[in-house]
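Report on one structure; see the data block that follows.
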Amino acid sequence: MSVFTIYSEQPRMRSITINCQLSTVNCQLLYYKFSSLVYEMKKSNYTQPKEIRAIIKEAANACQSKNAAAFANLFTENGEIILSNYKLQGKQAIYQATADYLAKCEEITITIHRIIVEGDVAVVEWRWENKQQETGELNRSNNAIAVDFQFGLIRRWREYSATRN
């Protein structure tokens, strides 16, 4: 019996372990067929619409629970966030800026109004409300967010906001 494992480099794709009870030659052929299948899956950047919606809801939940690490982990290593006044590049920068911002918020409520998915892109409408710790001021913002996905992770987050206090 031969045992082989095909490891995935993508965080949301599982590695595959196969126990092969065929001849060594047939096991090798099976291994190469599986390897090429995994390669084709990696080559394809396509993220399923159901998964895209789930990731966006995970992002909202991470913000509401003030979990900057969970939010940043939804991004590719070189992912980016573009807001009206600045751009963040890379998972570590996203984590740090998110942690700093969320630390200033006492309560966060996000209401998702709409998620539209087309291919590997989603457009999200949500309402963000947060109470500032220092001032107690309530901030409200209606946001439109364009989100690009790659391999089941966020590659680009472009946010447009209409803020009201």
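Going through the structure tokens in order, the chains are called A, B, and so on, while each chain numbers its residues from 1 and the ligands are numbered from 1 in the order shown.
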(request) Find the residues near Asn130 in chain A: any atom within 10 Å, counting only C-alpha atoms, skip ones fewer than 4 places away on the same chain, and give them as a ChimeraX atom specification. (result) /A:64,102,104-110,136-141,165
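Each of A:Thr135, A:Asn61, A:Gln92, A:Asn143 was checked against Asn73 in chain A using only C-alpha atoms; the smallest atom-to-atom distance is that of A:Gln92.
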(message) Need to verify the contact set: Val117 in chain A, 9 Å, only C-alpha atoms, exclusion of same-chain residues closer than 4 positions in sequence. Can you return it as a PyMOL selection string?
(response) chain A and resi 49+52-53+121-124
For those residues, write all heavy atoms to a file as a CSV table (one decimal), in the first residue's frame.
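What ended up in part39.csv:
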chain,number,residue,atom,x,y,z
A,49,PRO,N,-20.1,32.0,-5.0
A,49,PRO,CA,-20.9,33.0,-4.4
A,49,PRO,C,-21.3,32.8,-3.0
A,49,PRO,O,-21.3,33.7,-2.1
A,49,PRO,CB,-22.1,33.1,-5.3
A,49,PRO,CG,-21.6,32.6,-6.6
A,49,PRO,CD,-20.6,31.5,-6.3
A,52,ILE,N,-18.4,33.6,-0.8
A,52,ILE,CA,-18.1,35.0,-0.8
A,52,ILE,C,-19.1,35.7,0.2
A,52,ILE,O,-18.7,36.5,1.0
A,52,ILE,CB,-18.3,35.6,-2.2
A,52,ILE,CG1,-17.1,35.3,-3.1
A,52,ILE,CG2,-18.5,37.2,-2.1
A,52,ILE,CD1,-17.3,35.7,-4.5
A,53,ARG,N,-20.4,35.3,0.2
A,53,ARG,CA,-21.3,35.8,1.1
A,53,ARG,C,-20.9,35.5,2.6
A,53,ARG,O,-21.0,36.3,3.5
A,53,ARG,CB,-22.7,35.4,0.8
A,53,ARG,CG,-23.3,36.0,-0.4
A,53,ARG,CD,-24.7,35.5,-0.7
A,53,ARG,NE,-25.3,36.2,-1.8
A,53,ARG,CZ,-25.1,35.9,-3.1
A,53,ARG,NH1,-24.4,34.9,-3.4
A,53,ARG,NH2,-25.7,36.6,-4.0
A,121,VAL,N,-16.1,39.0,-7.5
A,121,VAL,CA,-16.3,40.3,-7.0
A,121,VAL,C,-17.7,40.4,-6.3
A,121,VAL,O,-18.7,39.9,-6.8
A,121,VAL,CB,-16.2,41.4,-8.1
A,121,VAL,CG1,-16.5,42.8,-7.6
A,121,VAL,CG2,-14.9,41.3,-8.8
A,122,ALA,N,-17.7,41.1,-5.2
A,122,ALA,CA,-18.9,41.4,-4.5
A,122,ALA,C,-19.1,42.9,-4.2
A,122,ALA,O,-18.1,43.5,-4.0
A,122,ALA,CB,-19.0,40.6,-3.1
A,123,VAL,N,-20.3,43.3,-4.2
A,123,VAL,CA,-20.6,44.7,-3.8
A,123,VAL,C,-21.5,44.6,-2.6
A,123,VAL,O,-22.5,43.8,-2.6
A,123,VAL,CB,-21.2,45.5,-4.9
A,123,VAL,CG1,-21.6,46.9,-4.4
A,123,VAL,CG2,-20.3,45.6,-6.1
A,124,VAL,N,-21.1,45.2,-1.5
A,124,VAL,CA,-21.8,45.1,-0.3
A,124,VAL,C,-22.4,46.5,0.1
A,124,VAL,O,-21.6,47.5,0.0
A,124,VAL,CB,-20.9,44.6,0.9
A,124,VAL,CG1,-21.6,44.4,2.2
A,124,VAL,CG2,-20.2,43.3,0.4
(request) Please identify which residues in range 66-127 of chain A DSSP calls alpha helix (DSSP H) from the backbone, and express them as a ChimeraX atom specification. (result) /A:68-72,91-103
(request) Might you pull out every residue within 9 Å of Phe71 in chain A, with only C-alpha atoms counted and same-chain residues fewer than 3 positions away left off, and present them as a ChimeraX atom specification? (result) /A:58-63,66-68,74-75,94-95,98
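With CA of Asp120 in chain A on one side and CA of Asn85 in chain A on the other, the separation reads 25.5 Å.
Across the model, the gap from CA of Glu118 in chain A to CA of Ala70 in chain A is 24.7 Å.
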(request) Write down as number ranges by chain the residues of range 48-115 of chain A whose backbone DSSP state falls under strand (DSSP E or B). (result) A: 75-82, 87-89, 105-115
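Atom to atom, CA of Ala146 in chain A and CA of Thr111 in chain A stand 16.3 Å apart.
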(request) Determine the nearest neighbour of Lys91 in chain A from the options A:Asn142, A:Ile154, A:Asp148, A:Glu159, counting only C-alpha atoms. (result) A:Ile154
